[in-house]
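Structure file upload.tsv (TSV, C-alpha atoms) follows.
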chain	number	residue	atom	x	y	z
G	124	MET	CA	-0.10	17.05	6.46
G	125	ALA	CA	2.34	19.25	8.31
G	126	PRO	CA	1.22	22.79	9.18
G	127	VAL	CA	2.06	25.53	6.74
G	128	PRO	CA	4.67	27.97	8.11
G	129	ARG	CA	3.06	31.21	9.20
G	130	GLY	CA	3.41	34.07	6.76
G	131	ARG	CA	4.06	31.89	3.69
G	132	GLY	CA	0.77	30.08	3.11
G	133	LEU	CA	0.08	29.08	-0.47
G	134	ARG	CA	3.41	30.50	-1.63
G	135	ASP	CA	5.27	27.82	0.29
G	136	PRO	CA	6.64	25.38	-2.32
G	137	GLU	CA	6.74	22.59	0.25
G	138	PHE	CA	3.03	23.01	0.87
G	139	ARG	CA	2.38	22.78	-2.86
G	140	ASP	CA	4.48	19.60	-3.07
G	141	ARG	CA	2.61	18.06	-0.16
G	142	LEU	CA	-0.72	18.98	-1.72
G	143	TYR	CA	0.40	17.45	-5.03
G	144	ASP	CA	1.32	14.22	-3.26
G	145	LEU	CA	-2.08	14.22	-1.60
G	146	LEU	CA	-3.86	14.63	-4.94
G	147	GLU	CA	-1.79	12.42	-7.21
G	148	HIS	CA	-0.20	9.59	-5.27
G	149	ASP	CA	-1.88	6.22	-4.69
G	150	PRO	CA	-2.08	5.97	-0.90
G	151	LEU	CA	-3.08	3.20	1.46
G	152	ALA	CA	-6.43	3.09	3.21
G	153	TYR	CA	-5.21	4.67	6.44
G	154	SER	CA	-3.66	7.76	4.84
G	155	VAL	CA	-5.01	11.27	4.39
G	156	GLY	CA	-4.80	10.80	0.62
G	157	SER	CA	-7.05	7.77	0.80
G	158	ARG	CA	-9.64	9.67	2.80
G	159	PHE	CA	-9.52	12.44	0.20
G	160	ILE	CA	-10.11	9.90	-2.58
G	161	GLN	CA	-13.01	8.41	-0.64
G	162	LEU	CA	-14.47	11.90	-0.26
G	163	ILE	CA	-14.26	12.62	-3.99
G	164	ILE	CA	-15.73	9.23	-4.92
G	165	GLY	CA	-18.52	9.78	-2.41
G	166	VAL	CA	-19.35	13.16	-3.94
G	167	ILE	CA	-19.31	11.62	-7.44
G	168	VAL	CA	-21.71	8.85	-6.44
G	169	LEU	CA	-23.97	11.27	-4.59
G	170	ASN	CA	-24.01	13.71	-7.51
G	171	VAL	CA	-24.79	11.05	-10.13
G	172	ALA	CA	-27.51	9.53	-7.92
G	173	ALA	CA	-29.08	12.96	-7.39
G	174	MET	CA	-29.06	13.65	-11.13
G	175	ILE	CA	-30.72	10.31	-11.87
G	176	LEU	CA	-33.41	10.75	-9.24
G	177	ALA	CA	-34.02	14.35	-10.30
G	178	SER	CA	-35.19	13.08	-13.69
G	179	VAL	CA	-38.14	11.35	-11.96
G	180	PRO	CA	-40.92	13.95	-11.62
G	181	GLU	CA	-42.24	12.56	-8.33
G	182	PHE	CA	-38.81	12.63	-6.67
G	183	ASP	CA	-37.95	16.00	-8.16
G	184	ALA	CA	-41.14	17.55	-6.82
G	185	GLN	CA	-40.45	16.24	-3.32
G	186	PHE	CA	-36.66	16.52	-3.07
G	187	GLY	CA	-35.86	19.11	-5.74
G	188	THR	CA	-34.21	21.48	-3.26
G	189	LEU	CA	-32.02	18.68	-1.89
G	190	PHE	CA	-30.97	17.62	-5.39
G	191	ALA	CA	-30.10	21.21	-6.26
G	192	GLY	CA	-28.03	21.53	-3.07
G	193	ILE	CA	-26.12	18.33	-3.89
G	194	THR	CA	-25.41	19.66	-7.38
G	195	VAL	CA	-24.10	22.97	-6.04
G	196	LEU	CA	-21.94	21.15	-3.49
G	197	SER	CA	-20.55	18.84	-6.18
G	198	VAL	CA	-19.72	21.75	-8.46
G	199	ILE	CA	-17.85	23.51	-5.64
G	200	VAL	CA	-15.90	20.38	-4.63
G	201	PHE	CA	-14.95	19.48	-8.21
G	202	ALA	CA	-14.00	23.09	-9.00
G	203	LEU	CA	-11.75	23.31	-5.94
G	204	GLU	CA	-10.14	19.99	-6.78
G	205	TYR	CA	-9.51	21.11	-10.37
G	206	ALA	CA	-8.01	24.40	-9.19
G	207	ALA	CA	-5.77	22.54	-6.73
G	208	ARG	CA	-4.55	20.13	-9.39
G	209	LEU	CA	-3.95	22.98	-11.81
G	210	TRP	CA	-1.90	24.86	-9.22
G	211	THR	CA	0.13	21.97	-7.83
G	212	VAL	CA	1.06	20.33	-11.16
G	213	ALA	CA	3.72	23.00	-11.84
G	214	GLY	CA	7.15	21.43	-11.54
G	215	HIS	CA	5.85	17.88	-11.33
G	216	THR	CA	5.86	16.85	-14.98
G	217	GLN	CA	8.48	14.97	-16.95
G	218	ARG	CA	8.95	17.82	-19.42
G	219	LYS	CA	10.56	20.04	-16.77
G	220	GLY	CA	9.17	23.11	-18.50
G	221	SER	CA	7.74	26.31	-17.14
G	222	ALA	CA	4.89	26.39	-14.64
G	223	LEU	CA	2.55	27.69	-17.36
G	224	ALA	CA	3.50	24.85	-19.71
G	225	ASP	CA	2.93	22.28	-16.97
G	226	ARG	CA	-0.48	23.70	-16.18
G	227	LEU	CA	-1.50	23.90	-19.82
G	228	GLY	CA	-0.33	20.33	-20.25
G	229	TYR	CA	-2.63	19.19	-17.46
G	230	ALA	CA	-5.53	21.36	-18.64
G	231	PHE	CA	-5.43	19.81	-22.13
G	232	SER	CA	-4.72	16.26	-21.00
G	233	ALA	CA	-7.48	13.64	-21.03
G	234	LEU	CA	-7.77	13.61	-17.23
G	235	GLY	CA	-7.65	17.41	-17.09
G	236	ILE	CA	-10.51	17.71	-19.57
G	237	ILE	CA	-12.51	15.12	-17.60
G	238	ASP	CA	-11.91	17.06	-14.37
G	239	LEU	CA	-13.03	20.28	-16.06
G	240	MET	CA	-16.12	18.78	-17.66
G	241	ALA	CA	-17.17	17.32	-14.30
G	242	PHE	CA	-18.16	20.76	-13.02
G	243	LEU	CA	-18.01	23.44	-15.73
G	244	PRO	CA	-21.12	22.45	-17.79
G	245	ALA	CA	-23.13	21.97	-14.60
G	246	ALA	CA	-21.96	25.35	-13.30
G	247	ILE	CA	-23.01	27.03	-16.54
G	248	VAL	CA	-26.41	25.34	-16.50
G	249	LEU	CA	-26.92	26.30	-12.85
G	250	ALA	CA	-26.19	29.90	-13.76
G	251	THR	CA	-28.62	29.85	-16.70
G	252	GLY	CA	-31.31	27.78	-14.97
G	253	GLY	CA	-31.62	24.90	-17.45
G	254	HIS	CA	-32.99	22.24	-15.14
G	255	ALA	CA	-33.56	19.50	-17.73
G	256	THR	CA	-30.14	20.04	-19.25
G	257	LEU	CA	-28.59	19.83	-15.79
G	258	ALA	CA	-30.05	16.36	-15.31
G	259	ALA	CA	-28.65	15.26	-18.68
G	260	LEU	CA	-25.16	16.36	-17.57
G	261	GLY	CA	-25.25	14.20	-14.45
G	262	VAL	CA	-23.25	11.44	-16.08
G	263	LEU	CA	-20.18	13.62	-16.68
G	264	PRO	CA	-18.78	13.43	-13.12
G	265	PHE	CA	-18.91	9.64	-13.38
G	266	PHE	CA	-15.95	9.71	-15.76
G	267	LYS	CA	-13.81	11.13	-12.96
G	268	LEU	CA	-13.72	7.59	-11.59
G	269	ILE	CA	-11.23	6.82	-14.36
G	270	ARG	CA	-8.62	8.63	-12.28
G	271	TYR	CA	-9.25	6.37	-9.29
G	272	SER	CA	-9.78	3.07	-11.13
G	273	PRO	CA	-6.59	1.27	-12.24
G	274	ALA	CA	-8.69	-1.09	-14.37
G	275	MET	CA	-10.33	1.76	-16.30
G	276	ARG	CA	-6.99	3.49	-16.77
G	277	SER	CA	-5.47	0.26	-18.03
G	278	LEU	CA	-8.34	-0.21	-20.48
G	279	LEU	CA	-7.95	3.32	-21.84
G	280	ALA	CA	-4.20	2.80	-22.11
G	281	ALA	CA	-4.81	-0.44	-24.00
G	282	VAL	CA	-7.19	1.28	-26.43
G	283	HIS	CA	-4.68	4.10	-26.94
G	284	ALA	CA	-1.83	1.66	-27.52
G	285	GLU	CA	-3.80	-0.23	-30.16
G	286	ARG	CA	-5.42	2.83	-31.72
G	287	ARG	CA	-3.87	2.17	-35.14
G	288	ALA	CA	-5.10	-1.42	-35.19
G	289	LEU	CA	-8.55	-0.28	-34.06
G	290	VAL	CA	-8.64	2.37	-36.78
G	291	GLY	CA	-7.78	-0.41	-39.21
G	292	CYS	CA	-10.74	-2.41	-37.88
G	293	ILE	CA	-13.01	0.57	-38.46
G	294	VAL	CA	-11.74	0.93	-42.02
G	295	ILE	CA	-12.38	-2.78	-42.63
G	296	LEU	CA	-15.86	-2.43	-41.12
G	297	ILE	CA	-16.65	0.53	-43.35
G	298	GLY	CA	-15.44	-1.42	-46.37
G	299	ALA	CA	-17.62	-4.40	-45.43
G	300	VAL	CA	-20.65	-2.16	-44.90
G	301	LEU	CA	-20.19	-0.51	-48.29
G	302	THR	CA	-19.63	-3.85	-50.01
G	303	PHE	CA	-22.67	-5.63	-48.63
G	304	ALA	CA	-24.86	-2.54	-48.88
G	305	SER	CA	-23.95	-2.10	-52.54
G	306	LEU	CA	-24.63	-5.79	-53.28
G	307	LEU	CA	-28.04	-5.79	-51.61
G	308	TYR	CA	-28.93	-2.45	-53.22
G	309	ALA	CA	-28.15	-3.93	-56.63
G	310	ILE	CA	-30.16	-7.07	-55.87
G	311	GLU	CA	-33.27	-5.70	-54.15
G	312	ARG	CA	-33.62	-2.05	-55.10
G	313	ASP	CA	-36.51	-2.88	-57.42
G	314	VAL	CA	-38.12	-5.37	-55.03
G	315	GLN	CA	-38.00	-3.14	-51.92
G	316	PRO	CA	-37.54	0.44	-53.17
G	317	ASP	CA	-38.86	1.87	-49.91
G	318	LYS	CA	-36.26	0.03	-47.79
G	319	LEU	CA	-33.34	-0.71	-50.10
G	320	GLY	CA	-33.89	1.81	-52.86
G	321	THR	CA	-30.67	3.69	-52.12
G	322	ILE	CA	-27.22	2.70	-50.91
G	323	PRO	CA	-27.58	4.78	-47.70
G	324	GLN	CA	-30.77	2.83	-46.91
G	325	ALA	CA	-28.97	-0.44	-47.62
G	326	MET	CA	-26.11	0.68	-45.38
G	327	TRP	CA	-28.49	0.66	-42.41
G	328	TRP	CA	-29.29	-3.00	-43.13
G	329	ALA	CA	-25.57	-3.78	-43.52
G	330	ILE	CA	-24.65	-2.11	-40.22
G	331	VAL	CA	-27.41	-3.91	-38.32
G	332	THR	CA	-26.51	-7.25	-39.91
G	333	LEU	CA	-22.75	-6.93	-39.43
G	334	GLY	CA	-23.36	-5.86	-35.87
G	335	THR	CA	-25.36	-9.07	-35.38
G	336	VAL	CA	-28.22	-6.98	-33.98
G	337	GLY	CA	-30.80	-8.15	-36.47
G	338	TYR	CA	-33.68	-5.76	-35.81
G	339	GLY	CA	-35.71	-7.33	-38.62
G	340	ASP	CA	-37.03	-3.98	-39.88
G	341	VAL	CA	-35.15	-4.47	-43.16
G	342	VAL	CA	-34.60	-8.00	-44.49
G	343	PRO	CA	-33.90	-9.36	-47.98
G	344	VAL	CA	-36.75	-11.20	-49.68
G	345	THR	CA	-35.04	-12.57	-52.82
G	346	PRO	CA	-33.03	-15.82	-52.73
G	347	LEU	CA	-29.89	-14.03	-53.91
G	348	GLY	CA	-30.36	-11.33	-51.30
G	349	LYS	CA	-30.69	-13.96	-48.58
G	350	PHE	CA	-27.54	-15.65	-49.88
G	351	VAL	CA	-25.62	-12.39	-49.58
G	352	SER	CA	-27.07	-11.86	-46.10
G	353	THR	CA	-25.66	-15.21	-45.02
G	354	PHE	CA	-22.13	-14.05	-45.78
G	355	ALA	CA	-22.86	-10.68	-44.16
G	356	ILE	CA	-23.88	-12.41	-40.93
G	357	ILE	CA	-20.75	-14.58	-40.94
G	358	ALA	CA	-18.61	-11.51	-41.61
G	359	GLY	CA	-20.36	-9.79	-38.72
G	360	PHE	CA	-18.90	-12.28	-36.27
G	361	ALA	CA	-15.42	-11.44	-37.55
G	362	MET	CA	-16.17	-7.72	-37.29
G	363	ILE	CA	-16.95	-8.16	-33.59
G	364	ALA	CA	-14.24	-10.70	-32.79
G	365	LEU	CA	-11.40	-8.71	-34.37
G	366	PRO	CA	-11.50	-5.54	-32.20
G	367	VAL	CA	-12.48	-7.54	-29.10
G	368	ALA	CA	-9.42	-9.75	-29.53
G	369	ILE	CA	-7.17	-6.73	-30.08
G	370	ILE	CA	-8.48	-4.86	-27.03
G	371	SER	CA	-8.51	-7.90	-24.73
G	372	THR	CA	-4.93	-8.82	-25.65
G	373	ALA	CA	-3.75	-5.24	-25.24
G	374	PHE	CA	-5.62	-4.96	-21.93
G	375	ALA	CA	-3.96	-8.12	-20.60
G	376	GLU	CA	-0.54	-6.81	-21.63
G	377	GLU	CA	-1.27	-3.44	-20.05
G	378	VAL	CA	-2.25	-5.09	-16.78
G	379	LYS	CA	0.99	-7.09	-16.86
G	380	ARG	CA	3.00	-3.94	-17.51
G	381	ARG	CA	1.21	-2.11	-14.72
G	382	ASP	CA	1.80	-4.98	-12.29
G	383	PHE	CA	5.46	-5.01	-13.32
G	384	VAL	CA	5.79	-1.28	-12.70
G	385	VAL	CA	3.95	-1.50	-9.38
G	386	THR	CA	6.09	-4.40	-8.20
G	387	TRP	CA	9.24	-2.65	-9.37
G	388	GLY	CA	8.22	0.44	-7.45
G	389	MET	CA	7.54	-1.66	-4.37
G	390	LEU	CA	10.96	-3.28	-4.66
G	391	ALA	CA	12.59	0.11	-5.02
G	392	ARG	CA	11.31	1.01	-1.54
G	393	VAL	CA	13.16	-1.91	0.02
G	394	PRO	CA	16.75	-0.92	0.91
G	395	LEU	CA	17.86	-4.55	0.66
G	396	PHE	CA	17.48	-4.42	-3.13
G	397	SER	CA	18.77	-0.89	-3.70
G	398	HIS	CA	22.24	-2.08	-4.76
G	399	LEU	CA	21.03	-4.67	-7.28
G	400	SER	CA	21.09	-4.26	-11.03
G	401	ALA	CA	17.94	-4.07	-13.14
G	402	ALA	CA	18.45	-7.65	-14.37
G	403	GLU	CA	18.79	-8.93	-10.81
G	404	ILE	CA	15.68	-7.07	-9.66
G	405	ALA	CA	13.75	-8.48	-12.62
G	406	ASP	CA	14.93	-11.96	-11.62
G	407	ILE	CA	13.75	-11.42	-8.04
G	408	MET	CA	10.39	-10.09	-9.17
G	409	ARG	CA	9.50	-13.47	-10.62
G	410	LEU	CA	9.90	-15.03	-7.18
G	411	LEU	CA	8.05	-12.45	-5.13
G	412	ARG	CA	4.32	-12.32	-4.66
G	413	ALA	CA	2.44	-9.29	-3.47
G	414	ARG	CA	0.10	-9.48	-0.51
G	415	THR	CA	-2.11	-6.91	1.18
G	416	ILE	CA	-3.16	-7.36	4.79
G	417	GLU	CA	-5.86	-5.36	6.49
G	418	GLN	CA	-5.51	-3.54	9.79
G	419	GLY	CA	-5.64	-6.01	12.66
G	420	GLU	CA	-5.01	-9.04	10.44
G	421	ILE	CA	-2.52	-11.59	11.82
G	422	LEU	CA	0.19	-12.47	9.33
G	423	VAL	CA	2.09	-15.15	11.27
G	424	ARG	CA	1.68	-16.61	14.73
G	425	ARG	CA	4.21	-17.50	17.37
G	426	GLY	CA	5.37	-21.09	16.90
G	427	ASP	CA	4.65	-21.20	13.15
G	428	VAL	CA	7.27	-22.74	10.91
G	429	ALA	CA	9.29	-20.00	9.19
G	430	SER	CA	8.19	-20.46	5.60
G	431	SER	CA	8.59	-16.96	4.18
G	432	MET	CA	10.48	-13.71	4.34
G	433	TYR	CA	8.44	-10.49	4.22
G	434	PHE	CA	9.22	-7.05	2.83
G	435	ILE	CA	7.06	-4.12	3.92
G	436	THR	CA	6.61	-1.75	0.99
G	437	ALA	CA	3.92	0.34	2.65
G	438	GLY	CA	2.23	0.19	6.01
G	439	GLU	CA	3.26	-1.05	9.42
G	440	VAL	CA	3.23	-4.33	11.37
G	441	GLU	CA	3.76	-5.15	15.02
G	442	ILE	CA	5.62	-8.25	16.21
G	443	ALA	CA	4.49	-9.40	19.63
G	444	LEU	CA	7.48	-11.16	21.25
G	445	PRO	CA	7.42	-12.72	24.73
G	446	SER	CA	9.47	-9.85	26.14
G	447	GLN	CA	8.60	-6.89	23.92
G	448	HIS	CA	6.60	-5.53	21.02
G	449	VAL	CA	8.44	-4.37	17.91
G	450	ARG	CA	6.98	-2.24	15.13
G	451	LEU	CA	8.34	-2.29	11.58
G	452	ALA	CA	7.31	0.15	8.88
G	453	ASP	CA	7.98	0.99	5.21
G	454	GLY	CA	11.16	-0.36	3.65
G	455	THR	CA	11.92	-2.87	6.41
G	456	PHE	CA	11.80	-6.63	6.25
G	457	PHE	CA	11.60	-9.49	8.69
G	458	GLY	CA	11.80	-13.26	8.77
G	459	GLU	CA	15.26	-13.61	7.23
G	460	ILE	CA	16.86	-14.64	10.55
G	461	ALA	CA	14.36	-17.44	11.03
G	462	LEU	CA	14.95	-18.65	7.48
G	463	LEU	CA	18.73	-18.51	7.81
G	464	HIS	CA	18.71	-20.39	11.12
G	465	LYS	CA	15.66	-22.52	10.25
G	466	THR	CA	13.85	-21.69	13.48
G	467	LYS	CA	10.18	-21.27	14.26
G	468	ARG	CA	8.51	-17.91	14.63
G	469	SER	CA	8.98	-16.50	18.09
G	470	GLY	CA	6.44	-13.73	17.70
G	471	THR	CA	2.99	-13.01	16.33
G	472	VAL	CA	2.94	-10.48	13.50
G	473	THR	CA	-0.13	-8.26	13.24
G	474	ALA	CA	-0.81	-5.38	10.87
G	475	THR	CA	-1.33	-2.14	12.75
G	476	ARG	CA	-2.44	-0.49	9.50
G	477	LYS	CA	-3.40	-1.75	6.10
G	478	SER	CA	-0.07	-2.84	4.63
G	479	ARG	CA	1.39	-4.02	1.36
G	480	LEU	CA	3.96	-6.77	1.55
G	481	LEU	CA	6.17	-8.70	-0.80
G	482	VAL	CA	6.51	-12.34	0.19
G	483	LEU	CA	9.50	-14.53	-0.61
G	484	ASP	CA	8.99	-18.22	0.14
G	485	ALA	CA	11.70	-20.13	2.00
G	486	GLN	CA	12.64	-22.36	-0.92
G	487	ASP	CA	12.98	-19.36	-3.24
G	488	PHE	CA	14.90	-17.48	-0.55
G	489	HIS	CA	17.59	-20.15	-0.23
G	490	ALA	CA	17.78	-20.62	-3.99
G	491	LEU	CA	18.08	-16.86	-4.45
G	492	ILE	CA	20.94	-16.31	-2.03
G	493	GLU	CA	22.76	-19.26	-3.57
G	494	ARG	CA	22.32	-17.83	-7.05
G	495	MET	CA	23.14	-14.24	-6.10
G	496	PRO	CA	26.26	-13.99	-3.93
G	497	THR	CA	25.95	-10.23	-3.76
G	498	LEU	CA	22.46	-10.45	-2.32
G	499	ALA	CA	23.52	-13.25	0.03
G	500	ASP	CA	26.35	-11.10	1.40
G	501	HIS	CA	23.96	-8.22	1.87
G	502	VAL	CA	21.43	-10.42	3.69
G	503	HIS	CA	24.06	-11.87	6.01
G	504	THR	CA	25.55	-8.44	6.66
G	505	THR	CA	22.12	-7.04	7.46
G	506	ALA	CA	21.34	-10.02	9.69
G	507	LYS	CA	24.56	-9.55	11.66
G	508	ALA	CA	23.86	-5.86	12.03
G	509	ARG	CA	20.37	-6.55	13.29
G	510	LEU	CA	21.68	-9.17	15.73
G	511	ALA	CA	24.06	-6.56	17.13
G	512	ASP	CA	21.13	-4.27	17.89
G	513	THR	CA	19.57	-5.44	21.13
G	514	GLY	CA	16.30	-3.70	20.37
G	515	ASP	CA	15.82	-5.37	17.01
G	516	LEU	CA	13.41	-8.14	16.19
G	517	ALA	CA	16.12	-10.45	14.86
G	518	LEU	CA	18.02	-10.70	18.16
G	519	ALA	CA	14.93	-11.43	20.21
G	520	GLU	CA	13.66	-13.89	17.61
G	521	LEU	CA	16.91	-15.86	17.50
G	522	ALA	CA	17.50	-15.74	21.26
G	523	GLN	CA	14.00	-17.00	21.93
G	524	ALA	CA	14.40	-19.79	19.35
G	525	GLU	CA	17.71	-20.90	20.85
G	526	LYS	CA	16.20	-20.79	24.34
G	527	GLU	CA	13.31	-23.02	23.27
G	528	ALA	CA	15.63	-25.37	21.35
G	529	GLY	CA	18.04	-25.72	24.29
G	530	PRO	CA	16.08	-28.06	26.55
G	531	ALA	CA	15.07	-30.22	23.60
G	532	GLY	CA	18.71	-30.74	22.64

Starting from the file, lay out its structure as structure tokens.
Amino acid sequence: MAPVPRGRGLRDPEFRDRLYDLLEHDPLAYSVGSRFIQLIIGVIVLNVAAMILASVPEFDAQFGTLFAGITVLSVIVFALEYAARLWTVAGHTQRKGSALADRLGYAFSALGIIDLMAFLPAAIVLATGGHATLAALGVLPFFKLIRYSPAMRSLLAAVHAERRALVGCIVILIGAVLTFASLLYAIERDVQPDKLGTIPQAMWWAIVTLGTVGYGDVVPVTPLGKFVSTFAIIAGFAMIALPVAIISTAFAEEVKRRDFVVTWGMLARVPLFSHLSAAEIADIMRLLRARTIEQGEILVRRGDVASSMYFITAGEVEIALPSQHVRLADGTFFGEIALLHKTKRSGTVTATRKSRLLVLDAQDFHALIERMPTLADHVHTTAKARLADTGDLALAELAQAEKEAGPAG
């Protein structure tokens, strides 16, 4: 992060924007934002582990002071993070309302409530000295991982999207419980008055049976009661399968939507596609595949057949050519010259940082530029411009390929 201008400090709107980006954006592993996320996750894990171990008398007697220190540290870290999010959210919401409205919106949002509950109850208990209660609250910070887990966020989004269907499942379940409980009450109230003498008692049997738990503490003893139980057990499978199918389908759709949005956002960072329409970008997205390479990983080697074109959406790579080393960063692409001229790679490409790439295979590349004249013109124009730049990868790559192909011809 850039230094804050002297004399402005926290009142500097640029500092607040930078802090918001640090807190909210999904960074790569080498960034400051990623280190901040790792810090928060580390504190969460440490806090939850301390709370769990503090419930063991032997550990609490030996390391009680350490556990208390971890709890205090966690409360301070989570409180500072919450305050920072509350301050920086102003002006960064879609409503474009006042700063107070933006902050209230965050405070009453699901993530805002989770962030608050991660430290406020523990802070209150620390102030009042309720040690046992403090241990019981240790699980609350765990839910902060929802913010940093795309899978958990997708699952919650899927549940929210299908909330009406899930409410319908609950209504059906309640109806089934009442139906089977009433039937068994009518059948066995005189045979087992202590267990099925009332409908509420029979409802416990119905819930256990429909949930396929089968504790065995309450079972029918009459033939008719067992006959009804058979249908209750069969209905129980449907009661489980119905919401599971709804949530799993919604979760799969949510993951697809998220991948679509992520890929779209990655494409938006590539200047080559900035002039294309939404339909054209959607067409390209079906051909591209995302790839993440770790720092130091070799993507292609000198002499390899040019089989793909690469777009860097985040990160940085270095191309080691015989005469120079070229570094390419966010929004740039490489490999199109080799594909256009059908040459071999003249350099070895290595990731200098963890990087996210979009890969377009050679066959799809040629089919794409044939199908999209506008994109083809843009690619050729860009290639010519890069060839005119003596410091660019494309010129060195092509010159080296022609030099190697000369003696063979």

- Taking all atoms listed in the file into account, which of G:Lys318, G:Leu411, G:Phe350, G:Gly359 comes nearest G:Thr335?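 Using all atoms listed in the file, G:Thr335 sits closest to G:Gly359.
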
- Message: Considering all atoms listed in the file, can you say which of G:Leu203, G:Ala413, G:Ala499, G:Ile160 comes closest to G:Leu146?
- Response: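 Counting all atoms listed in the file, the residue closest to G:Leu146 is G:Ile160.
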
How close does each residue of stretch 282-313 of chain G get to stretch 363-384 of chain G, giving the shortest atom pair and distance in Å to one decimal for every residue with an atom at most 10 Å away, counting all atoms listed in the file, sorted by chain and residue number, as a tab-separated table?
residue	atom	partner	partner_atom	distance
G:Val282	CA	G:Ile370	CA	6.3
G:His283	CA	G:Ala373	CA	9.5
G:Ala284	CA	G:Ala373	CA	7.5
G:Glu285	CA	G:Ala373	CA	7.0
G:Arg286	CA	G:Ile370	CA	9.5
G:Ala288	CA	G:Ile369	CA	7.7
G:Leu289	CA	G:Pro366	CA	6.3
G:Val290	CA	G:Pro366	CA	9.6
G:Gly291	CA	G:Pro366	CA	9.4
G:Cys292	CA	G:Pro366	CA	6.5
G:Ile293	CA	G:Pro366	CA	8.9
G:Leu296	CA	G:Ile363	CA	9.5

- Query: Counting only C-alpha atoms, which of G:Ala474, G:Ile416, G:Ile356, G:Ala177 gets nearest to G:Val440?
  - Reply: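 Of G:Ala474, G:Ile416, G:Ile356, G:Ala177, the one nearest G:Val440 is G:Ala474, counting only C-alpha atoms.
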
- Query: Using all atoms listed in the file, which of the listed residues (G:Asp487, G:Glu417, G:Glu459, G:Glu311) sits closest to G:Val342?
  - Reply: G:Glu311

- Task: Report the distance between atom CA of G:Val331 and atom CA of G:Phe266 in Å, rounded to one decimal place.
- Result: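 Distance reported for this atom pair: 28.7 Å.
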
- Tell me which of G:Phe396, G:Phe138, G:Tyr271, G:Phe434 sits closest to G:Arg414, counting only C-alpha atoms.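 Among the listed residues, the smallest separation from G:Arg414 belongs to G:Phe434.
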
- Item | atom CA of G:Gly165 to atom CA of G:Pro244, straight-line distance in Å |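 Separation between atom CA of G:Pro244 and atom CA of G:Gly165: 20.1 Å.
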
- Give me, please, the distance in Å between atom CA of G:Arg424 and atom CA of G:Ala452, quoted to one decimal.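 A separation of 18.6 Å between them.
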
- Select, from G:Gly337, G:Gly235, G:Pro323, G:Gly348, the residue with the minimum atom-to-atom distance to G:Ala309, counting all atoms listed in the file.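 So, comparing all the options, the nearest one is G:Gly348.
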